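The data block below is protein31.txt; it holds compact mmCIF, C-alpha atoms (C1' of nucleotides).
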# COMPACT_ATOMS: atom_id res chain seq x y z
CA MET A 1 52.33 80.45 166.28
CA GLY A 2 54.64 78.04 168.14
CA ALA A 3 56.47 76.66 165.12
CA THR A 4 60.15 77.44 164.74
CA LYS A 5 60.84 79.48 161.59
CA THR A 6 63.67 77.25 160.39
CA GLU A 7 63.42 78.53 156.82
CA HIS A 8 64.87 81.87 157.88
CA PHE A 9 68.12 80.38 159.11
CA THR A 10 71.05 78.72 157.38
CA ASP A 11 71.34 74.96 157.03
CA LYS A 12 74.33 74.94 159.33
CA GLN A 13 72.51 76.93 162.00
CA ASN A 14 69.57 74.55 161.80
CA ALA A 15 71.88 71.53 161.91
CA ILE A 16 73.66 72.68 165.06
CA ALA A 17 70.37 73.64 166.68
CA THR A 18 68.97 70.18 165.89
CA LEU A 19 71.92 68.46 167.56
CA ALA A 20 71.74 70.75 170.59
CA LYS A 21 67.99 70.32 170.86
CA ALA A 22 68.33 66.54 170.88
CA LEU A 23 70.70 66.88 173.84
CA GLY A 24 68.41 69.39 175.54
CA HIS A 25 66.68 66.88 177.79
CA PRO A 26 68.17 65.26 180.90
CA ALA A 27 66.81 61.82 179.97
CA ARG A 28 68.68 61.97 176.69
CA ILE A 29 71.86 63.09 178.45
CA ALA A 30 71.37 60.18 180.85
CA ILE A 31 71.02 57.80 177.91
CA ILE A 32 74.25 59.07 176.35
CA GLU A 33 76.05 58.69 179.67
CA PHE A 34 74.69 55.18 180.14
CA LEU A 35 75.88 54.16 176.69
CA LEU A 36 79.34 55.50 177.51
CA LYS A 37 79.45 53.72 180.86
CA THR A 38 78.67 50.25 179.55
CA ASP A 39 81.15 49.36 176.86
CA SER A 40 79.12 46.47 175.61
CA CYS A 41 76.46 48.68 174.09
CA ILE A 42 73.56 47.21 176.00
CA CYS A 43 70.11 48.16 174.81
CA GLY A 44 66.89 47.36 176.66
CA ASP A 45 68.78 47.88 179.89
CA ILE A 46 68.39 51.59 179.30
CA VAL A 47 64.72 51.22 180.17
CA ASN A 48 65.62 49.55 183.48
CA GLU A 49 68.22 52.20 184.23
CA LEU A 50 66.01 55.23 183.56
CA PRO A 51 63.07 56.33 185.73
CA LEU A 52 60.79 56.47 182.70
CA ALA A 53 58.38 54.08 181.03
CA GLN A 54 59.47 52.00 178.06
CA PRO A 55 57.56 53.99 175.40
CA THR A 56 59.06 57.23 176.72
CA VAL A 57 62.59 55.84 176.55
CA SER A 58 61.90 54.49 173.08
CA GLN A 59 60.82 57.95 171.99
CA HIS A 60 63.95 59.59 173.42
CA LEU A 61 66.11 56.99 171.67
CA LYS A 62 64.34 57.79 168.43
CA GLU A 63 65.10 61.47 168.78
CA LEU A 64 68.76 60.83 169.50
CA LYS A 65 68.89 58.53 166.50
CA ASN A 66 67.14 61.01 164.20
CA ALA A 67 69.64 63.66 165.22
CA GLY A 68 72.45 61.23 164.37
CA LEU A 69 73.84 61.15 167.91
CA ILE A 70 73.38 57.40 168.31
CA LYS A 71 73.19 54.38 166.03
CA GLY A 72 71.00 51.30 166.46
CA ASN A 73 72.04 47.79 165.40
CA ILE A 74 69.55 44.95 165.37
CA GLU A 75 70.84 41.90 167.23
CA GLY A 76 68.34 39.09 167.26
CA ASN A 77 65.18 40.52 168.76
CA ALA A 78 67.09 43.11 170.74
CA ILE A 79 68.57 46.38 169.52
CA CYS A 80 72.01 47.65 170.36
CA TYR A 81 72.28 51.41 170.56
CA CYS A 82 75.58 53.21 170.70
CA ILE A 83 77.18 56.64 170.40
CA ASP A 84 77.84 58.01 166.94
CA GLU A 85 81.07 59.91 167.44
CA LYS A 86 80.78 61.94 164.24
CA ALA A 87 77.94 64.09 165.54
CA PHE A 88 79.77 64.76 168.80
CA ASN A 89 82.90 65.69 166.88
CA ASN A 90 80.90 68.20 164.87
CA LEU A 91 79.50 69.76 168.01
CA ASN A 92 82.88 69.83 169.65
CA LYS A 93 84.51 71.52 166.66
CA TYR A 94 81.73 74.07 166.56
CA PHE A 95 82.09 74.96 170.24
CA SER A 96 85.89 75.03 170.07
CA ASN A 97 85.56 77.57 167.30
CA ILE A 98 83.17 79.68 169.34
CA ILE A 99 85.61 79.68 172.23
CA ILE A 100 88.50 80.71 169.99
CA LYS A 101 86.50 83.54 168.47
CA ALA A 102 85.13 84.69 171.82
CA THR A 103 88.59 84.73 173.38
CA ASN A 104 89.81 87.12 170.70
CA GLN A 105 87.04 89.56 171.45
CA LYS A 106 87.63 92.43 173.84
CA CYS A 107 84.06 93.12 174.81
CA CYS A 108 82.19 93.16 178.14
CA MET B 109 52.01 65.06 180.77
CA GLY B 110 54.48 67.38 179.01
CA ALA B 111 56.64 68.40 181.95
CA THR B 112 60.21 67.13 182.04
CA LYS B 113 60.89 64.98 185.11
CA THR B 114 64.07 66.84 186.08
CA GLU B 115 63.94 65.55 189.64
CA HIS B 116 64.87 62.07 188.47
CA PHE B 117 68.18 63.14 186.98
CA THR B 118 71.43 64.41 188.44
CA ASP B 119 72.21 68.11 188.76
CA LYS B 120 74.97 67.75 186.22
CA GLN B 121 72.72 66.03 183.73
CA ASN B 122 70.12 68.75 184.15
CA ALA B 123 72.77 71.47 183.84
CA ILE B 124 74.14 70.12 180.55
CA ALA B 125 70.62 69.59 179.21
CA THR B 126 69.73 73.19 180.09
CA LEU B 127 72.73 74.54 178.19
CA ALA B 128 72.03 72.31 175.19
CA LYS B 129 68.36 73.19 175.22
CA ALA B 130 69.15 76.91 175.15
CA LEU B 131 71.20 76.30 172.01
CA GLY B 132 68.49 74.12 170.52
CA HIS B 133 66.91 76.82 168.42
CA PRO B 134 68.36 78.25 165.18
CA ALA B 135 67.50 81.83 166.19
CA ARG B 136 69.61 81.44 169.32
CA ILE B 137 72.46 79.93 167.30
CA ALA B 138 72.15 82.89 164.92
CA ILE B 139 72.33 85.29 167.88
CA ILE B 140 75.50 83.62 169.18
CA GLU B 141 77.07 83.77 165.72
CA PHE B 142 76.13 87.42 165.34
CA LEU B 143 77.71 88.26 168.69
CA LEU B 144 80.89 86.50 167.59
CA LYS B 145 80.96 88.29 164.23
CA THR B 146 80.71 91.82 165.61
CA ASP B 147 83.44 92.37 168.12
CA SER B 148 81.86 95.50 169.50
CA CYS B 149 79.08 93.60 171.22
CA ILE B 150 76.24 95.44 169.53
CA CYS B 151 72.80 94.86 170.95
CA GLY B 152 69.58 96.13 169.34
CA ASP B 153 71.20 95.40 166.00
CA ILE B 154 70.43 91.77 166.65
CA VAL B 155 66.77 92.59 166.09
CA ASN B 156 67.60 94.14 162.70
CA GLU B 157 69.77 91.17 161.75
CA LEU B 158 67.26 88.46 162.65
CA PRO B 159 64.04 87.74 160.73
CA LEU B 160 62.01 87.88 163.92
CA ALA B 161 60.05 90.55 165.76
CA GLN B 162 61.65 92.47 168.61
CA PRO B 163 59.71 90.74 171.44
CA THR B 164 60.68 87.36 170.03
CA VAL B 165 64.35 88.27 169.90
CA SER B 166 64.15 89.69 173.40
CA GLN B 167 62.70 86.41 174.61
CA HIS B 168 65.48 84.39 172.94
CA LEU B 169 68.10 86.67 174.49
CA LYS B 170 66.52 86.10 177.88
CA GLU B 171 66.77 82.35 177.48
CA LEU B 172 70.40 82.52 176.46
CA LYS B 173 71.06 84.77 179.43
CA ASN B 174 69.20 82.53 181.87
CA ALA B 175 71.27 79.60 180.67
CA GLY B 176 74.43 81.64 181.28
CA LEU B 177 75.52 81.56 177.64
CA ILE B 178 75.50 85.34 177.25
CA LYS B 179 75.88 88.35 179.53
CA GLY B 180 74.08 91.68 179.24
CA ASN B 181 75.62 95.04 180.18
CA ILE B 182 73.48 98.16 180.38
CA GLU B 183 74.97 101.03 178.36
CA GLY B 184 72.83 104.13 178.48
CA ASN B 185 69.42 103.12 177.25
CA ALA B 186 70.84 100.28 175.18
CA ILE B 187 72.02 96.87 176.32
CA CYS B 188 75.21 95.20 175.24
CA TYR B 189 74.99 91.44 175.04
CA CYS B 190 78.01 89.21 174.67
CA ILE B 191 79.19 85.62 174.84
CA ASP B 192 79.95 84.15 178.26
CA GLU B 193 82.87 81.87 177.50
CA LYS B 194 82.58 79.89 180.72
CA ALA B 195 79.40 78.12 179.68
CA PHE B 196 80.85 77.23 176.29
CA ASN B 197 83.98 75.91 177.95
CA ASN B 198 81.85 73.66 180.14
CA LEU B 199 80.02 72.30 177.14
CA ASN B 200 83.23 71.81 175.23
CA LYS B 201 84.86 69.91 178.08
CA TYR B 202 81.80 67.74 178.43
CA PHE B 203 81.77 66.83 174.73
CA SER B 204 85.52 66.27 174.60
CA ASN B 205 85.10 63.79 177.40
CA ILE B 206 82.30 62.01 175.56
CA ILE B 207 84.48 61.70 172.48
CA ILE B 208 87.40 60.30 174.49
CA LYS B 209 85.18 57.75 176.18
CA ALA B 210 83.40 56.81 172.95
CA THR B 211 86.71 56.33 171.12
CA ASN B 212 87.83 53.80 173.72
CA GLN B 213 84.71 51.74 173.18
CA LYS B 214 84.77 48.82 170.78
CA CYS B 215 81.08 48.58 170.08
CA CYS B 216 78.98 48.77 166.90
C1' DA C 217 58.58 118.74 180.24
C1' DA C 218 57.53 116.34 175.95
C1' DT C 219 59.10 113.11 172.68
C1' DA C 220 61.89 109.56 170.86
C1' DT C 221 64.56 105.40 171.42
C1' DT C 222 65.60 100.98 173.34
C1' DT C 223 64.45 96.89 175.51
C1' DA C 224 61.35 94.12 178.53
C1' DT C 225 56.93 92.24 179.74
C1' DC C 226 52.09 90.73 179.16
C1' DG C 227 48.65 88.26 176.91
C1' DT C 228 47.45 84.99 173.76
C1' DA C 229 47.21 81.87 169.65
C1' DA C 230 49.50 78.16 167.30
C1' DT C 231 52.37 74.39 167.65
C1' DA C 232 55.70 71.15 169.86
C1' DT C 233 57.26 68.22 173.55
C1' DT C 234 56.88 65.01 177.31
C1' DG C 235 55.05 60.95 179.31
C1' DC C 236 52.46 56.85 179.48
C1' DA C 237 48.77 53.08 178.83
C1' DA C 238 47.41 50.25 175.33
C1' DT C 239 48.62 47.96 171.43
C1' DC C 240 51.30 46.17 167.62
C1' DT C 241 55.36 43.79 165.35
C1' DA C 242 58.93 40.66 164.96
C1' DA C 243 62.23 37.49 166.51
C1' DA C 244 63.28 33.81 170.32
C1' DA C 245 62.20 30.23 173.13
C1' DT C 246 59.31 26.65 174.51
C1' DA D 247 52.33 26.52 166.74
C1' DT D 248 52.08 28.99 170.94
C1' DT D 249 54.12 31.86 174.13
C1' DT D 250 57.49 34.98 175.61
C1' DT D 251 60.52 38.81 175.07
C1' DA D 252 62.18 43.24 173.08
C1' DG D 253 61.09 47.25 171.10
C1' DA D 254 58.22 50.51 168.26
C1' DT D 255 53.91 52.88 167.37
C1' DT D 256 49.42 54.98 168.43
C1' DG D 257 46.55 58.00 170.86
C1' DC D 258 45.95 61.22 174.15
C1' DA D 259 46.40 64.45 178.20
C1' DA D 260 49.38 67.81 180.39
C1' DT D 261 52.66 71.13 179.79
C1' DA D 262 56.18 73.94 177.27
C1' DT D 263 57.78 76.66 173.46
C1' DT D 264 57.51 79.92 169.78
C1' DA D 265 55.99 84.10 167.87
C1' DC D 266 54.07 88.56 167.96
C1' DG D 267 50.90 92.74 168.86
C1' DA D 268 50.21 95.80 172.47
C1' DT D 269 52.08 98.03 176.08
C1' DA D 270 55.21 99.32 179.80
C1' DA D 271 59.65 101.05 181.75
C1' DA D 272 63.71 103.55 181.54
C1' DT D 273 67.02 106.42 179.57
C1' DA D 274 68.21 109.97 175.78
C1' DT D 275 67.20 113.81 173.09
C1' DT D 276 64.94 117.92 172.00

Give the structure from the file, written as structure tokens.
Amino acid sequence: MGATKTEHFTDKQNAIATLAKALGHPARIAIIEFLLKTDSCICGDIVNELPLAQPTVSQHLKELKNAGLIKGNIEGNAICYCIDEKAFNNLNKYFSNIIIKATNQKCC
Amino acid sequence: MGATKTEHFTDKQNAIATLAKALGHPARIAIIEFLLKTDSCICGDIVNELPLAQPTVSQHLKELKNAGLIKGNIEGNAICYCIDEKAFNNLNKYFSNIIIKATNQKCC
DNA sequence: AATATTTATCGTAATATTGCAATCTAAAAT
DNA sequence: ATTTTAGATTGCAATATTACGATAAATATT
């Protein structure tokens, strides 16, 4: 097999998993951190910053964008990528809730 | 290639990516949610709850455990798995910080 | 002791991901 | 109009992940 059986899980479970999966690679974490560091949301500079080839970075950016974690604005012939807070807020709410629920458990 | 170039990224970046990656599958999200739902941290019941075969579930549990997201306690011939709050707290802090930083940006 | 129960591991097939060279597209600059 | 620059897409090789049947290991029950 090798294919995730997404159809057996709820939409919400799949949605959270998709967000987490997109963040499940150090290059993509590095991209997010770079976007946070530079407050003018610089774009092609990501390629210079990361130890990866341009097509690889482009692919990682695409995955972050598909997951809704970043947005891309065309500016002339460059593209300006930046954090999309909404997705991070969703994740943060989800994890906060887990922590609250876990704290109320008396187990292990 | 196909192998992640972890050596090019910081330990912290790799650590966050590892946690996120472990949560990047709906079955593992479903396992976490099941553990939160049942406050007696029932174990083999996870296999009955999930639409996956026992070896598959066992493998997912192993990944969650390796990432430090759950703990496993032996109880007779059964094993009791439960949430490890620490890892979730780390993730939550990390995302809270991202949101704070992103909010202070005036970009896009 | 023999059997049942519970969970882990092995082996393997199917599929997905990672990474990059080569190439393409589109706007910018000359 | 040609060239340059920025970024995406294609194609492909290497590796990783997902899923499960078969089997093993370890404790529980009879």

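Straight-line separation from CA of Ala123 (chain B) to CA of Ile206 (chain B): 15.8 Å.
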
Could you build a table of the residues in chain C lying no more than 6 Å from chain B, giving for each the nearest pair of atoms and their separation in Å rounded to one decimal place, using all atoms listed in the file, ordered by chain and ascending residue number, as a Markdown table?
| residue | atom | partner | partner_atom | distance |
| --- | --- | --- | --- | --- |
| C:DT222 | C1' | B:Ala186 | CA | 5.6 |
| C:DT234 | C1' | B:Gly110 | CA | 3.8 |
| C:DG235 | C1' | B:Met109 | CA | 5.3 |

Tell me the residues of chain B close to chain A, meaning within 7 Å using all atoms listed in the file, as a compact mmCIF listing (two decimals) with C-alpha atoms, in the coordinates of the input.
# COMPACT_ATOMS: atom_id res chain seq x y z
CA THR B 114 64.07 66.84 186.08
CA HIS B 116 64.87 62.07 188.47
CA PHE B 117 68.18 63.14 186.98
CA GLN B 121 72.72 66.03 183.73
CA ASN B 122 70.12 68.75 184.15
CA ALA B 125 70.62 69.59 179.21
CA THR B 126 69.73 73.19 180.09
CA ALA B 128 72.03 72.31 175.19
CA LYS B 129 68.36 73.19 175.22
CA LEU B 131 71.20 76.30 172.01
CA GLY B 132 68.49 74.12 170.52
CA HIS B 133 66.91 76.82 168.42
CA PRO B 134 68.36 78.25 165.18
CA ILE B 137 72.46 79.93 167.30
CA ALA B 138 72.15 82.89 164.92
CA LEU B 144 80.89 86.50 167.59
CA ASP B 147 83.44 92.37 168.12
CA SER B 148 81.86 95.50 169.50
CA CYS B 149 79.08 93.60 171.22
CA PRO B 159 64.04 87.74 160.73
CA CYS B 190 78.01 89.21 174.67
CA ILE B 191 79.19 85.62 174.84
CA GLU B 193 82.87 81.87 177.50
CA PHE B 196 80.85 77.23 176.29
CA ASN B 200 83.23 71.81 175.23
CA PHE B 203 81.77 66.83 174.73
CA SER B 204 85.52 66.27 174.60
CA ILE B 207 84.48 61.70 172.48
CA LYS B 209 85.18 57.75 176.18
CA ALA B 210 83.40 56.81 172.95
CA GLN B 213 84.71 51.74 173.18
CA CYS B 215 81.08 48.58 170.08
CA CYS B 216 78.98 48.77 166.90

Identify, on the basis of all atoms listed in the file, every residue whose closest approach to region 241-245 of chain C does not exceed 10 Å; exclude the query and any residue fewer than 5 positions from it along the same chain; express the result as a tab-separated table (two decimals) with C-alpha atoms (C1' of nucleotides), in the coordinates of the input.
chain	number	residue	atom	x	y	z
A	75	GLU	CA	70.84	41.90	167.23
A	76	GLY	CA	68.34	39.09	167.26
A	77	ASN	CA	65.18	40.52	168.76
A	78	ALA	CA	67.09	43.11	170.74
D	249	DT	C1'	54.12	31.86	174.13
D	250	DT	C1'	57.49	34.98	175.61
D	251	DT	C1'	60.52	38.81	175.07
D	252	DA	C1'	62.18	43.24	173.08
D	253	DG	C1'	61.09	47.25	171.10
D	254	DA	C1'	58.22	50.51	168.26
D	255	DT	C1'	53.91	52.88	167.37

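Pairwise distance (C1' of DT231 (chain C), CA of Glu171 (chain B)) equals 19.2 Å.
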
Using all atoms listed in the file, which chain D residues lie at most 9 Å away from chain B, written as a PDB file with C-alpha atoms (C1' of nucleotides), in the coordinates of the input?
ATOM      1  C1'  DA D 259      46.400  64.450 178.200  1.00  0.00           C
ATOM      2  C1'  DA D 260      49.380  67.810 180.390  1.00  0.00           C
ATOM      3  C1'  DT D 261      52.660  71.130 179.790  1.00  0.00           C
ATOM      4  C1'  DA D 262      56.180  73.940 177.270  1.00  0.00           C
ATOM      5  C1'  DT D 264      57.510  79.920 169.780  1.00  0.00           C
ATOM      6  C1'  DA D 265      55.990  84.100 167.870  1.00  0.00           C
ATOM      7  C1'  DC D 266      54.070  88.560 167.960  1.00  0.00           C
ATOM      8  C1'  DA D 272      63.710 103.550 181.540  1.00  0.00           C
ATOM      9  C1'  DT D 273      67.020 106.420 179.570  1.00  0.00           C
ATOM     10  C1'  DA D 274      68.210 109.970 175.780  1.00  0.00           C
TER      11       DA D 274
END

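Between C1' of DA270 (chain D) and C1' of DG227 (chain C) the separation is 13.2 Å.
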
Listed atoms of region 142-145 of chain B boxed along x, y and z, 4 Å each side, centre and edge lengths in Å, one decimal, as lines of an AutoDock Vina configuration file:
center_x = 78.5
center_y = 87.4
center_z = 166.5
size_x = 12.8
size_y = 9.8
size_z = 12.5
